[in-house]
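Colleague: Here's a structure for you.
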Amino acid sequence: MKAPAFRRIEPDARRLALIEACARVLARAGSAGVSVRAIAVEAGVSPGLVSHYFPGIEALVAATYAHVEGAVAETLDRAVEAAGPDPRARLDAFVTTTFAPTIADPQLLATWIAFWSLVTARPAIAAQHDEQYAGSRARLESLLGDCGMPPGEQRRAAIAVSALLDGLWLELCLSPGCFSAEEAGDIARRFLDTLISTGR
């Protein structure tokens with residue numbers, strides 16, 4: 001007799017619950033406050049269950065990093081697809097969605113800060129960071145290329161756009177009263193206007 005379908009997805013749901021608990025602990029307590037016990041308490045499970053799904057705390061943090069980055073990338077990709085076929089509209093969607101409430105979120109920033117604090121100490125986290133940054137830059141390079149930027153200019157342009165977006169995003173999360181998401185998007189779009197016009 002076949003087992004009920006819910007039993008097949010239950011382990012994935014439990015694993016996701018542990019990842020989400022890890023993200024909350026990272027946001028609240030930073031990397032120094034993350035432990036199997038702290039995550040078990042946050043998730044409302046036994047420490048043994050955490051160890052059943054993850055061989056160690058580093059593996060759980062790495063999985064959490066991948067999950068958080070994947071959720072952000074999915075949000076950006078959905079916005080790009082929803083913008084339709086126009087290349088500039090797609091690029092603008094990528095840029096302005098960076099400042100959407102679900103991404104320009106203080107709790108998400110706290111989680112990222114915890115991840116970044118591990119980059120210099122944990123080679124596996126450093127490798128994930130490099131992979132994440134390369135993927136984001138590649139998406140930008142492709143969008144810039146679709147807007148007519150020559151291949152030889154795309155890499156440096158993507159680095160520049162990434163740096164601008166990261167800076168605006170960081171300040172928006174830290175001091176949301178200084179400027180709005182709309183202003184951040186306008187600043188970024190004006191920068192793109194100059195970049196694309198000179199890069200063609």
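Simple scheme: letters A, B, ... for chains in structure tokens order, numbers from 1 for residues in each chain, numbers from 1 for ligands in the order shown.
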Sorted by chain and rising residue number, which residues of stretch 58-118 of chain A lie within 12 Å of stretch 158-161 of chain A, and what are their closest atom pairs and distances in Å to one decimal, counting only C-alpha atoms, as a Markdown table?

Modeller:
```
| residue | atom | partner | partner_atom | distance |
| --- | --- | --- | --- | --- |
| A:Leu91 | CA | A:Val161 | CA | 10.9 |
| A:Asp92 | CA | A:Val161 | CA | 11.5 |
| A:Phe94 | CA | A:Val161 | CA | 10.9 |
| A:Val95 | CA | A:Val161 | CA | 8.7 |
| A:Thr96 | CA | A:Val161 | CA | 11.9 |
| A:Thr98 | CA | A:Val161 | CA | 11.6 |
```

Colleague: Please produce a file of the residues just selected, as a tab-separated table (two decimals), in the first residue's frame, where the atoms kept are N, CA, C and O atoms.

Modeller:
```tsv
chain	number	residue	atom	x	y	z
A	91	LEU	N	15.14	45.53	-16.85
A	91	LEU	CA	16.26	46.00	-16.04
A	91	LEU	C	15.77	46.89	-14.90
A	91	LEU	O	16.21	46.75	-13.75
A	92	ASP	N	14.85	47.80	-15.21
A	92	ASP	CA	14.30	48.67	-14.17
A	92	ASP	C	13.58	47.86	-13.09
A	92	ASP	O	13.65	48.20	-11.90
A	94	PHE	N	14.28	44.81	-12.10
A	94	PHE	CA	15.30	44.19	-11.26
A	94	PHE	C	15.82	45.19	-10.24
A	94	PHE	O	15.96	44.89	-9.05
A	95	VAL	N	16.09	46.40	-10.72
A	95	VAL	CA	16.68	47.43	-9.87
A	95	VAL	C	15.70	47.89	-8.79
A	95	VAL	O	16.03	47.93	-7.60
A	96	THR	N	14.48	48.23	-9.19
A	96	THR	CA	13.54	48.80	-8.22
A	96	THR	C	13.03	47.76	-7.23
A	96	THR	O	12.72	48.11	-6.07
A	98	THR	N	14.74	45.62	-5.80
A	98	THR	CA	15.74	45.54	-4.73
A	98	THR	C	15.30	46.33	-3.50
A	98	THR	O	15.70	46.02	-2.37
```

Colleague: Output as JSON lines one row per residue of stretch 77-126 of chain A within 9 Å of stretch 68-71 of chain A: the closest atom pair and its distance in Å to one decimal place, counting only C-alpha atoms, sorted by chain and residue number ascending.

Modeller:
```
{"residue": "A:Leu108", "atom": "CA", "partner": "A:Val68", "partner_atom": "CA", "distance": 8.5}
{"residue": "A:Thr111", "atom": "CA", "partner": "A:Val68", "partner_atom": "CA", "distance": 8.7}
{"residue": "A:Trp112", "atom": "CA", "partner": "A:Val68", "partner_atom": "CA", "distance": 8.7}
```

Colleague: Excluding same-chain residues fewer than 5 positions from A:Trp116, what lies within 12 Å of it counting only C-alpha atoms, as number ranges by chain?

Modeller: A: 26-27, 30-31, 61-62, 65, 109-111, 121-123, 125-130

Colleague: Please list as a JSON list (two decimals) with N, CA, C and O atoms, in the first residue's frame every residue within 10 Å of stretch 179-188 of chain A, counting only C-alpha atoms and excluding residues in the same chain fewer than 5 positions away.

Modeller:
```
[["chain", "number", "residue", "atom", "x", "y", "z"],
["A", 92, "ASP", "N", 14.85, 47.80, -15.21],
["A", 92, "ASP", "CA", 14.30, 48.67, -14.17],
["A", 92, "ASP", "C", 13.58, 47.86, -13.09],
["A", 92, "ASP", "O", 13.65, 48.20, -11.90],
["A", 93, "ALA", "N", 12.90, 46.80, -13.48],
["A", 93, "ALA", "CA", 12.19, 45.96, -12.52],
["A", 93, "ALA", "C", 13.17, 45.29, -11.56],
["A", 93, "ALA", "O", 12.94, 45.21, -10.35],
["A", 95, "VAL", "N", 16.09, 46.40, -10.72],
["A", 95, "VAL", "CA", 16.68, 47.43, -9.87],
["A", 95, "VAL", "C", 15.70, 47.89, -8.79],
["A", 95, "VAL", "O", 16.03, 47.93, -7.60],
["A", 96, "THR", "N", 14.48, 48.23, -9.19],
["A", 96, "THR", "CA", 13.54, 48.80, -8.22],
["A", 96, "THR", "C", 13.03, 47.76, -7.23],
["A", 96, "THR", "O", 12.72, 48.11, -6.07],
["A", 97, "THR", "N", 12.96, 46.50, -7.63],
["A", 97, "THR", "CA", 12.50, 45.46, -6.72],
["A", 97, "THR", "C", 13.49, 45.23, -5.59],
["A", 97, "THR", "O", 13.12, 44.73, -4.51],
["A", 98, "THR", "N", 14.74, 45.62, -5.80],
["A", 98, "THR", "CA", 15.74, 45.54, -4.73],
["A", 98, "THR", "C", 15.30, 46.33, -3.50],
["A", 98, "THR", "O", 15.70, 46.02, -2.37],
["A", 99, "PHE", "N", 14.45, 47.34, -3.72],
["A", 99, "PHE", "CA", 14.01, 48.20, -2.62],
["A", 99, "PHE", "C", 12.59, 47.89, -2.17],
["A", 99, "PHE", "O", 12.00, 48.66, -1.41],
["A", 100, "ALA", "N", 12.04, 46.77, -2.64],
["A", 100, "ALA", "CA", 10.70, 46.36, -2.21],
["A", 100, "ALA", "C", 10.72, 46.02, -0.72],
["A", 100, "ALA", "O", 11.75, 45.60, -0.18],
["A", 101, "PRO", "N", 9.58, 46.17, -0.03],
["A", 101, "PRO", "CA", 9.55, 45.92, 1.42],
["A", 101, "PRO", "C", 10.03, 44.54, 1.84],
["A", 101, "PRO", "O", 10.64, 44.40, 2.91],
["A", 104, "ALA", "N", 14.07, 45.08, 1.22],
["A", 104, "ALA", "CA", 14.62, 46.16, 2.05],
["A", 104, "ALA", "C", 13.97, 46.08, 3.43],
["A", 104, "ALA", "O", 13.21, 46.95, 3.85],
["A", 161, "VAL", "N", 26.63, 48.77, -10.85],
["A", 161, "VAL", "CA", 25.21, 48.77, -10.50],
["A", 161, "VAL", "C", 25.00, 48.02, -9.19],
["A", 161, "VAL", "O", 24.25, 48.47, -8.31],
["A", 164, "LEU", "N", 26.01, 50.20, -6.28],
["A", 164, "LEU", "CA", 25.02, 51.25, -6.03],
["A", 164, "LEU", "C", 23.79, 50.67, -5.34],
["A", 164, "LEU", "O", 23.30, 51.23, -4.35],
["A", 165, "LEU", "N", 23.28, 49.56, -5.86],
["A", 165, "LEU", "CA", 22.09, 48.94, -5.28],
["A", 165, "LEU", "C", 22.35, 48.51, -3.84],
["A", 165, "LEU", "O", 21.50, 48.72, -2.96],
["A", 167, "GLY", "N", 24.51, 49.73, -1.72],
["A", 167, "GLY", "CA", 24.62, 50.89, -0.85],
["A", 167, "GLY", "C", 23.27, 51.51, -0.53],
["A", 167, "GLY", "O", 22.97, 51.83, 0.63],
["A", 168, "LEU", "N", 22.45, 51.68, -1.55],
["A", 168, "LEU", "CA", 21.12, 52.24, -1.34],
["A", 168, "LEU", "C", 20.26, 51.31, -0.48],
["A", 168, "LEU", "O", 19.54, 51.76, 0.42],
["A", 169, "TRP", "N", 20.34, 50.02, -0.76],
["A", 169, "TRP", "CA", 19.58, 49.03, 0.01],
["A", 169, "TRP", "C", 19.99, 49.06, 1.48],
["A", 169, "TRP", "O", 19.14, 49.05, 2.38],
["A", 171, "GLU", "N", 21.40, 51.53, 3.25],
["A", 171, "GLU", "CA", 20.95, 52.74, 3.92],
["A", 171, "GLU", "C", 19.43, 52.77, 4.09],
["A", 171, "GLU", "O", 18.92, 53.27, 5.10],
["A", 172, "LEU", "N", 18.71, 52.21, 3.13],
["A", 172, "LEU", "CA", 17.26, 52.16, 3.24],
["A", 172, "LEU", "C", 16.84, 51.27, 4.40],
["A", 172, "LEU", "O", 15.87, 51.58, 5.12],
["A", 173, "CYS", "N", 17.56, 50.16, 4.60],
["A", 173, "CYS", "CA", 17.26, 49.28, 5.73],
["A", 173, "CYS", "C", 17.64, 49.90, 7.06],
["A", 173, "CYS", "O", 16.91, 49.80, 8.05],
["A", 193, "ASP", "N", 20.46, 55.26, -16.77],
["A", 193, "ASP", "CA", 20.35, 56.09, -17.97],
["A", 193, "ASP", "C", 21.73, 56.51, -18.45],
["A", 193, "ASP", "O", 22.06, 56.41, -19.64]]
```

Colleague: Tell me, in Å to one decimal, how far atom CA of A:Cys147 is from atom CA of A:Ala134.

Modeller: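 According to the coordinates, atom CA of A:Cys147 and atom CA of A:Ala134 are separated by 19.9 Å.
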
Colleague: Just how far from atom CA of A:Thr75 is atom CA of A:Leu195, in Å to one decimal?

Modeller: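 Computing the Euclidean distance for atom CA of A:Leu195 and atom CA of A:Thr75 yields 24.5 Å.
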
Colleague: Let's see if you can do this: from backbone DSSP, list all helix (DSSP H, G or I) residues in stretch 10-142 of chain A, as a ChimeraX atom specification.

Modeller: /A:10-29,31-33,36-43,47-53,57-82,87-97,106-119,123-142

Colleague: Have a look at A:Ile103, A:Cys178, A:Ala29, A:Ala89 and name the one nearest to A:Leu192; count only C-alpha atoms.

Modeller: A:Ala89

Colleague: Taking only C-alpha atoms into account, name the residue in A:Leu143, A:Val45, A:Ala32, A:Ala13 that is nearest to A:Pro85.

Modeller: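 Ranking A:Leu143, A:Val45, A:Ala32, A:Ala13 by distance to A:Pro85, first place goes to A:Leu143.
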
Colleague: Identify which of the residues A:Glu58, A:Glu20, A:Glu153, A:Asp77 lies closest to A:Gly135, counting only C-alpha atoms when measuring atom-to-atom distances.

Modeller: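 Closest candidate: A:Asp77.
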
Colleague: Of the residues A:Leu174, A:Ala124, A:Asp105, A:Arg189, which is the one nearest to A:Val72, using only C-alpha atoms?

Modeller: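 For A:Val72, the nearest of the given residues is A:Asp105.
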
Colleague: Which residues come within 12 Å of A:Gln154, counting only C-alpha atoms, excluding same-chain residues fewer than 3 positions away, as an MDAnalysis selection string?

Modeller: chainID A and resid 137:151 157:162 195:196 198:200

Colleague: From the options A:Ala43, A:Leu170, A:Tyr53, A:Tyr133, which residue's atoms come nearest to A:Ile113, counting only C-alpha atoms?

Modeller: A:Leu170
